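So the structure is just underneath, and the comments pick up after that.
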Amino acid sequence: MTNRIPLGPLSALIAVFFFAINDAAIKFLSGDYALHQIVLIRSLVGLAILLVVIVPFQGGLSALRTQRLGMHLLRGCCVVFANTTFFLGLAVLPLADAMAVFFVAPLLITAFGALLLGETIGPRRQAAVGVGMFGVLVMIRPGADGFNLALLLPLVAAVAYALLHVLTRKIGNTESAATMSIFIQITFILVSSTVGLFLGHGRWADSGGEMLQFLLRPWHMPALGDWPVLILIGTSIAFGGFFISQAYRLSEASLLAPLEYAAMPMAVVFGVVLFDEWPSATTWVGITLIIGSGLFVFWREARSPNPGEVQRPGARR
C-alpha cells in the first residue's frame, strides 16, 4: 500500500479535472432540461464507459461482486443527495460562488476522517478547519440583507460529499474503485428513473422559482446538438468517479482533500468564459479563507514524519 501512495494524489487531480468539466456542462444545460433527466443520461453513458473501458482492466464483471452492498447503497445515497443539492444551487448561483462554498468539503473530510476513521489531526489542522468554515460564513452572510438561501445548498452538498469519501475510506481495503463507481452509477440510474416516472410529467414545474423548475420541468427528447454535451458529462463522471474512488482507496483523506481545490481556478475560468460570471469581492475573501485553510492542512501533512501514510480506521495515535 505504501508504494502505491503517489497514485492517490495523482488520481485525485485527474478526478478534479473531470468533475470541473461535469459541473460546467450541467450548468450549461440547466435551463433546458430537468436535473434528473440529465443525471439519468449521464449515468447511463457513465455506466457504459465503466463497463466497456474500465472494468475489463479491473477484473472483468467480477467487479460487480461485493459483500458490502449496504455500504455501496449508502455511498450511493450520499452522492445522489450531494449532486441534487449542489446542482440545484448551481442553477441559480454563479459557478465560482457555488464551488467556493462547496469547497468546505475537503475540510469536512479532514474533520470526519478524524471523528469517524480515527485519522489524526493536530490542533493546527483543527484551527484550519475552523478558518475554512469562517470563510463559508463570510460568503453566505447569514442574517445580512444580501443573504442568499441558495448558498446553503452547496454547503449541504459538501457535508454529503465528505461523508461519501469517509465511507470510501471505510470500505476501500476490500472494494475496488471500479466496484464503487459502478454501484454509484446504478444508484443514480435507479433514483433518476424513479423521479422521472413520478415527476417527469412536469405539472408542478411552475410551482416555484428557477431551482424547482430545474428539478421538476417536464422531460423531453434532447436536441441533437445537446447530445455531445450529454456524452461529455457521462464521460467525465465515469472517469471522475473512478479516479476519485481510487484516490481515497489509496491515500489518507486529510492528504487528498486539499488537492480538490485545484478545481477552484477551473470554476472561475469556466464561469467567466461560459457564463460571464465574475466573482465578487466577498466571494474572493471567502475563496481565500477556504482554500488557504485547506492548503495549510496540506502543508502540515507534508511536514509530518510520514506524509501520506495510510492510517487504518480506528488506529488513533
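By convention here, the chains of the C-alpha cells are called A, B, ... in the order presented, each chain's residues are numbered starting at 1, and ligands are numbered starting at 1 in the order presented.
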Write out as a tab-separated table a residue-level contact list of range 222-306 of chain A versus range 166-175 of chain A with cut-off 8 Å: for each qualifying residue the closest pair of atoms and the distance in Å to one decimal, counting only C-alpha atoms, rows sorted by chain and residue number upward.
residue	atom	partner	partner_atom	distance
A:Ser245	CA	A:Thr168	CA	6.7
A:Tyr248	CA	A:Arg169	CA	5.8
A:Arg249	CA	A:Gly172	CA	4.5
A:Leu250	CA	A:Gly172	CA	7.7
A:Glu252	CA	A:Arg169	CA	7.8
A:Ala253	CA	A:Arg169	CA	7.5
Selected residues, N, CA, C and O atoms, written as a CSV table (one decimal), in the first residue's frame, please.
chain,number,residue,atom,x,y,z
A,245,SER,N,-12.6,7.6,-6.5
A,245,SER,CA,-12.7,6.4,-5.6
A,245,SER,C,-11.3,5.7,-5.5
A,245,SER,O,-10.9,5.3,-4.4
A,248,TYR,N,-9.2,7.8,-2.9
A,248,TYR,CA,-9.5,7.7,-1.5
A,248,TYR,C,-9.3,6.2,-1.0
A,248,TYR,O,-9.3,6.0,0.2
A,249,ARG,N,-9.2,5.3,-1.9
A,249,ARG,CA,-8.8,4.0,-1.5
A,249,ARG,C,-7.3,3.9,-1.1
A,249,ARG,O,-6.9,3.2,-0.2
A,250,LEU,N,-6.5,4.7,-1.8
A,250,LEU,CA,-5.0,4.5,-1.7
A,250,LEU,C,-4.4,5.5,-0.7
A,250,LEU,O,-3.3,5.2,-0.2
A,252,GLU,N,-4.7,8.7,2.5
A,252,GLU,CA,-5.4,9.2,3.6
A,252,GLU,C,-6.2,10.4,3.2
A,252,GLU,O,-5.8,11.3,2.4
A,253,ALA,N,-7.4,10.5,3.8
A,253,ALA,CA,-8.4,11.6,3.4
A,253,ALA,C,-7.8,13.0,3.6
A,253,ALA,O,-7.9,13.9,2.8
Give me, as a PyMOL selection string, all polymer residues having an atom no more than 9 Å from Ala105 in chain A, counting only C-alpha atoms and skipping those fewer than 4 positions away in the same chain. chain A and resi 101+109-110+155+157-162+257
Can those selected residues be exported to a file as a JSON list (two decimals), in the first residue's frame so that it contains N, CA and C atoms?
[["chain", "number", "residue", "atom", "x", "y", "z"],
["A", 101, "VAL", "N", -18.22, 27.66, -1.85],
["A", 101, "VAL", "CA", -18.91, 27.15, -0.66],
["A", 101, "VAL", "C", -18.75, 25.64, -0.57],
["A", 109, "ILE", "N", -13.95, 16.61, 5.16],
["A", 109, "ILE", "CA", -13.37, 15.28, 5.02],
["A", 109, "ILE", "C", -12.27, 15.08, 6.06],
["A", 110, "THR", "N", -11.45, 16.13, 6.24],
["A", 110, "THR", "CA", -10.39, 16.06, 7.26],
["A", 110, "THR", "C", -10.99, 15.85, 8.65],
["A", 155, "LEU", "N", -23.43, 23.97, 0.54],
["A", 155, "LEU", "CA", -22.90, 23.62, 1.87],
["A", 155, "LEU", "C", -23.44, 22.26, 2.31],
["A", 157, "ALA", "N", -24.48, 19.98, 0.28],
["A", 157, "ALA", "CA", -23.85, 19.03, -0.63],
["A", 157, "ALA", "C", -22.45, 18.67, -0.15],
["A", 158, "ALA", "N", -21.73, 19.64, 0.40],
["A", 158, "ALA", "CA", -20.37, 19.38, 0.89],
["A", 158, "ALA", "C", -20.37, 18.38, 2.04],
["A", 159, "VAL", "N", -21.37, 18.48, 2.92],
["A", 159, "VAL", "CA", -21.46, 17.53, 4.04],
["A", 159, "VAL", "C", -21.68, 16.11, 3.50],
["A", 160, "ALA", "N", -22.61, 15.97, 2.54],
["A", 160, "ALA", "CA", -22.89, 14.65, 1.98],
["A", 160, "ALA", "C", -21.67, 14.11, 1.22],
["A", 161, "TYR", "N", -20.97, 14.99, 0.52],
["A", 161, "TYR", "CA", -19.80, 14.58, -0.25],
["A", 161, "TYR", "C", -18.68, 14.12, 0.70],
["A", 162, "ALA", "N", -18.52, 14.82, 1.80],
["A", 162, "ALA", "CA", -17.50, 14.43, 2.78],
["A", 162, "ALA", "C", -17.82, 13.05, 3.37],
["A", 257, "ALA", "N", -7.79, 15.52, 0.33],
["A", 257, "ALA", "CA", -8.85, 16.51, 0.28],
["A", 257, "ALA", "C", -8.41, 17.88, -0.23]]
Which residue is closest to Leu93 in chain A? Choose from A:Ile21, A:Leu64, A:Ala178, A:Met211 and count only C-alpha atoms.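 With only C-alpha atoms as the atom set, the closest residue is A:Met211.
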How many Å lie between CA of Pro9 in chain A and CA of Tyr261 in chain A, rounded to one decimal? 12.2 Å
Could you pull out all residues of range 206-277 of chain A with a DSSP call of alpha helix (DSSP H) and give them as a ChimeraX atom specification? /A:210-216,227-250,253-256,263-275
Find the residues near range 181-197 of chain A: any atom within 6 Å, counting only C-alpha atoms, skip ones fewer than 6 places away on the same chain, and give them as a VMD selection string. chain A and resid 36 40 43 76 241 to 242
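From CA of Ser251 in chain A back to CA of Gly8 in chain A, the distance works out to 5.2 Å.
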To one decimal in Å, tell me the separation between CA of Asp206 in chain A and CA of Val39 in chain A.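 Pair CA of Asp206 in chain A / CA of Val39 in chain A returns 20.9 Å.
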Contact residues around range 219-224 of chain A with only C-alpha atoms at 8 Å, ignoring same-chain residues under 5 positions, as a list in words: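 Residues meeting the cut-off are Tyr33, Ala34, Gln37, Gly196, Gly200, His201 and Gly202 of chain A.
Distance annotation: of A:Pro154, A:Leu274, A:Phe239, A:Ile244, the residue with the minimal separation from Val53 in chain A is A:Phe239; atom set is only C-alpha atoms.
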Point out the residue among A:Ala114, A:Val52, A:Val104, A:Leu69 with the least atom-to-atom distance to Leu137 in chain A, counting only C-alpha atoms.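 Smallest distance to Leu137 in chain A is found for A:Val104.
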Could you tell me which of A:Val92, A:Leu199, A:Val79, A:Val16 comes closest to Pro265 in chain A if we count only C-alpha atoms? A:Val16
Counting only C-alpha atoms, the option among A:Ser176, A:Ser62, A:Ser236, A:Ser207 closest to Ala25 in chain A: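 Of A:Ser176, A:Ser62, A:Ser236, A:Ser207, the one nearest Ala25 in chain A, counting only C-alpha atoms, is A:Ser236.
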Pick from A:Leu259, A:Met266, A:Ala238, A:Val136 nearest to Trp284 in chain A, counting only C-alpha atoms: A:Val136
